[in-house]
Amino acid sequence: MRRERGCKVRLLKAIVRPDKVDAVKDALAAEGIAGMTVTEVRGHGKQKGHTAIYRGQEYQVTLLPKMEIEVVVQDHLAESACAAIITAARTGEIGDGRVFVMPVERTYSIRTGGVEE
Amino acid sequence: MNGADTAWMLISTALVLLMTPALAFFYGGLVRSKNALNTMMMSFISLGFIGVLWPMLGYSLAFAPANDFLGGLQWVFLNNVGLDPNPPATIPHYLYMCYQGTFAIITAALISGAIVERMRFSAYVLFISLWSIIVYCPIAHWVWGGGWLAKMGALDFAGGTVVHVNAGVAALVTAFVVGRRRDFKSAALVPHNVPFTLLGAGLLWFGWFGFNAGSAVAANGSAALAFTTTMLAPAGTLVVWTMLDAARQQKATAVGAATAIVVGLVAVTPAAGFIGPMSAIALGAMAAIPSYLGLIWRARTNLDDSLDVVAAHGLGGTVGALLTGVFAQKSLNGVADGLLFGNPGQFVTQVIAVGAAIIYSGALTFVLLKVVALVFPLRASEADEQVGIDLVAHGEEAYVHASGTGV
């Protein structure tokens, strides 16, 4: 725990509904947070998927499309960033997703090769 | 020689040739992405191998006058075939040969839908090459080359029996002999690109105007009648199919719509120039039901006719051929009446023609596959099936992501 408390930078990994990416992006921008990586992912939590039908054959689609948004923020911005993501991405239904907060040990800039603070 | 007829047949030939790439899209969309190229190549390769075999041997065996069962050899390598018409046709003989060649090409390619995602490509190419000569050519001769079915008065305007019943039965036997995919029923074998399938169905319909209206071999009323029925029958099928979909599963599926269009086109093929417009709608509507039920039934069996060639082409073609014997109208076609117009004998003739095609195609397809299996293994290995046939047979992938990297 001590090591984590000393960490200055956090990685937020948010799994959200695909149609909530724009809202999350705008909310983070309003918090003054720049830079993110967005990835198409598939998965499921409590949400159990839906049924697809091809030529009368039913298939259970259990892994649903979601978007993963990764943001690296200064420690003191982490709580407000999480709150912004949650407010922007919430519908109140099952399948809204998760936000994970992780410590970042070090960040290099590839362009300069330097360690970023 | 007639200029108008020649112009229309030049266009028709190009239209029918386009149907084979269209079939590639129709089939290609229905498989998983790791087998998309292989599935499409199974159609495209027919343009090459059957395209070469046809003028060298196939055309003569199908169309050169000889006996009731097989054409002669006098037109091999297009000897004695030239630019002068071969009466009663009023178009250059070369053009008629090309037109018929496009039919031979697509008929062989149709079979591929039964064995996608697991048949070895080399075995497939050898098989369709032999099949075209040994199965397609004789049946084409029986019906269109002045053979025994033609003499008996069997009606097959554009190939319901020669093309669709024939390919459908061959598909059934091929699916049975090659066997099912190793992950059949254990994995979700779902279409990877439904828009491709819709695109294919649309292009098939477009090309089918050449297939059916071109089968008049003239720019005349018969061509216009075939054109009309080719427009109306699939419309009838599409309406009924959509209602069946909606009634059964509360969803009007896109794959269902694409399938319905093909089933309607298949069913109207033998009847195209023989029946009236309202009969075409009725024929298309009636054809939806057996194929729809056939698809659902097949999925419950262990027969992995992967893309349902039997239900779409075999059943659709059979229903179309039989209904031709019901709806044919001499006042329109100048040839024969069907059951509804006071000639029940025509229906019996149609049954005999379909039965003959089923027996001959079924038996010879089985023998040919056994012969091919002596030369090449029919099946891809388990590892190849897992990786996908695209990489194994073609060394390519349909979709490479992120700026072409990822290799």
# chains A, B, ... in the order shown; residues from 1 in each chain; ligands from 1
$ residues_around --residues "range 65-76 of chain A" --least-positions-apart "2" --cutoff "6 Å" --atoms "only C-alpha atoms" --output "JSON, numbers by chain"
{"A": [8, 9, 10, 11, 12, 13, 14, 15, 16, 17, 18, 36, 37, 38, 39, 40, 41, 42, 78]}
$ write_last_selection --atoms "C-alpha atoms" --output "compact mmCIF listing (two decimals), in the first residue's frame"
# COMPACT_ATOMS: atom_id res chain seq x y z
CA LYS A 8 2.08 9.95 -8.79
CA VAL A 9 0.43 8.69 -11.96
CA ARG A 10 -2.60 6.45 -12.43
CA LEU A 11 -3.91 4.45 -15.39
CA LEU A 12 -7.69 4.46 -15.70
CA LYS A 13 -9.07 1.61 -17.76
CA ALA A 14 -12.77 2.10 -18.50
CA ILE A 15 -14.87 -0.53 -20.27
CA VAL A 16 -17.95 1.28 -21.58
CA ARG A 17 -20.83 0.89 -23.98
CA PRO A 18 -19.70 1.66 -27.58
CA MET A 36 -6.50 8.60 -24.40
CA THR A 37 -6.33 5.24 -26.14
CA VAL A 38 -9.54 3.60 -27.29
CA THR A 39 -9.79 -0.09 -28.22
CA GLU A 40 -12.69 -2.22 -29.47
CA VAL A 41 -13.11 -5.13 -27.11
CA ARG A 42 -15.62 -7.90 -26.44
CA ALA A 78 -7.87 10.37 -10.74
$ select_by_dssp --residues "range 57-93 of chain A" --states "strand (DSSP E or B)" --output "ChimeraX atom specification"
/A:57-61,64-74
$ atom_distance --atom1 "CA of Pro290 in chain B" --atom2 "CA of Ala321 in chain B"
13.6 Å
$ closest_atom_pairs --of "chain A" --to "chain B" --cutoff "8 Å" --atoms "only C-alpha atoms" --output "Markdown table"
| residue | atom | partner | partner_atom | distance |
| --- | --- | --- | --- | --- |
| A:Ile53 | CA | B:Thr253 | CA | 7.6 |
| A:Tyr54 | CA | B:Val255 | CA | 6.6 |
| A:Arg55 | CA | B:Gly256 | CA | 6.0 |
| A:Gly56 | CA | B:Ile296 | CA | 5.9 |
| A:Gln57 | CA | B:Ala299 | CA | 7.1 |
| A:Tyr59 | CA | B:Ala188 | CA | 6.9 |
$ write_last_selection --atoms "C-alpha atoms" --output "mmCIF file, in the first residue's frame"
data_model
loop_
_atom_site.group_PDB
_atom_site.id
_atom_site.type_symbol
_atom_site.label_atom_id
_atom_site.label_comp_id
_atom_site.auth_asym_id
_atom_site.auth_seq_id
_atom_site.Cartn_x
_atom_site.Cartn_y
_atom_site.Cartn_z
ATOM 1 C CA ILE A 53 -30.602 -15.842 -35.958
ATOM 2 C CA TYR A 54 -29.020 -17.033 -39.207
ATOM 3 C CA ARG A 55 -31.168 -19.123 -41.536
ATOM 4 C CA GLY A 56 -33.492 -20.096 -38.713
ATOM 5 C CA GLN A 57 -30.604 -21.199 -36.485
ATOM 6 C CA TYR A 59 -26.972 -18.445 -31.772
#
$ select_by_dssp --residues "range 135-277 of chain B" --states "alpha helix (DSSP H)" --output "ChimeraX atom specification"
/B:137-144,148-152,166-178,194-213,221-249,254-268,277
$ residues_around --residues "Met97 in chain B" --least-positions-apart "5" --cutoff "9 Å" --atoms "only C-alpha atoms" --output "count of residues only"
8
$ closest_residue --among "A:Ala34, A:His44, A:Gln60, A:Val24" --to "Ala83 in chain A" --atoms "only C-alpha atoms"
A:Val24
$ atom_distance --atom1 "CA of Pro85 in chain B" --atom2 "CA of Ala218 in chain B"
12.3 Å
$ atom_distance --atom1 "CA of Ile105 in chain B" --atom2 "CA of Ser361 in chain B"
16.5 Å
$ closest_residue --among "A:Ser80, A:Ile94, A:Glu105, A:Glu116" --to "Ala27 in chain A" --atoms "only C-alpha atoms"
A:Ser80
$ residues_around --residues "Ser306 in chain B" --least-positions-apart "2" --cutoff "9 Å" --atoms "only C-alpha atoms" --output "PyMOL selection string"
chain B and resi 31+113-117+175+180-181+303-304+308-309
$ write_last_selection --atoms "N, CA and C atoms" --output "mmCIF file, in the first residue's frame"
data_model
loop_
_atom_site.group_PDB
_atom_site.id
_atom_site.type_symbol
_atom_site.label_atom_id
_atom_site.label_comp_id
_atom_site.auth_asym_id
_atom_site.auth_seq_id
_atom_site.Cartn_x
_atom_site.Cartn_y
_atom_site.Cartn_z
ATOM 1 N N VAL B 31 -19.522 -17.427 -44.704
ATOM 2 C CA VAL B 31 -18.561 -18.237 -43.946
ATOM 3 C C VAL B 31 -17.810 -17.361 -42.940
ATOM 4 N N GLY B 113 -20.752 -24.515 -52.223
ATOM 5 C CA GLY B 113 -21.428 -24.115 -50.990
ATOM 6 C C GLY B 113 -21.627 -25.248 -50.001
ATOM 7 N N ALA B 114 -21.593 -26.481 -50.500
ATOM 8 C CA ALA B 114 -21.847 -27.629 -49.628
ATOM 9 C C ALA B 114 -20.616 -28.043 -48.833
ATOM 10 N N ILE B 115 -19.431 -27.616 -49.278
ATOM 11 C CA ILE B 115 -18.211 -28.187 -48.675
ATOM 12 C C ILE B 115 -17.221 -27.102 -48.242
ATOM 13 N N VAL B 116 -17.698 -25.875 -48.060
ATOM 14 C CA VAL B 116 -16.795 -24.786 -47.667
ATOM 15 C C VAL B 116 -16.167 -25.068 -46.309
ATOM 16 N N GLU B 117 -15.049 -24.450 -46.079
ATOM 17 C CA GLU B 117 -14.344 -24.444 -44.789
ATOM 18 C C GLU B 117 -13.661 -25.763 -44.453
ATOM 19 N N ALA B 175 -21.410 -33.083 -49.881
ATOM 20 C CA ALA B 175 -21.402 -32.804 -48.442
ATOM 21 C C ALA B 175 -21.330 -34.108 -47.656
ATOM 22 N N ARG B 180 -18.669 -33.604 -42.495
ATOM 23 C CA ARG B 180 -18.923 -32.288 -41.912
ATOM 24 C C ARG B 180 -17.661 -31.659 -41.337
ATOM 25 N N ARG B 181 -17.728 -30.344 -41.175
ATOM 26 C CA ARG B 181 -16.626 -29.610 -40.567
ATOM 27 C C ARG B 181 -16.364 -30.165 -39.174
ATOM 28 N N LEU B 303 -26.141 -33.415 -41.483
ATOM 29 C CA LEU B 303 -25.621 -33.144 -42.824
ATOM 30 C C LEU B 303 -25.111 -31.707 -42.857
ATOM 31 N N ASP B 304 -23.799 -31.551 -43.073
ATOM 32 C CA ASP B 304 -23.220 -30.213 -43.109
ATOM 33 C C ASP B 304 -23.166 -29.703 -44.553
ATOM 34 N N ASP B 308 -26.321 -24.514 -47.548
ATOM 35 C CA ASP B 308 -27.664 -24.952 -47.945
ATOM 36 C C ASP B 308 -27.918 -24.910 -49.448
ATOM 37 N N VAL B 309 -26.991 -25.511 -50.184
ATOM 38 C CA VAL B 309 -27.148 -25.616 -51.635
ATOM 39 C C VAL B 309 -28.333 -26.529 -51.962
#
$ residues_around --residues "range 121-125 of chain B" --least-positions-apart "4" --cutoff "12 Å" --atoms "only C-alpha atoms" --output "JSON, numbers by chain"
{"B": [35, 37, 38, 39, 40, 41, 42, 43, 44, 45, 46, 47, 48, 49, 50, 108, 109, 111, 112, 113, 114, 115, 116, 117, 129, 130, 131, 132, 174, 178, 368, 369, 370, 371, 372, 373, 374, 375, 376, 377, 378, 379, 380, 381, 384, 389, 390, 391, 392, 393, 394]}
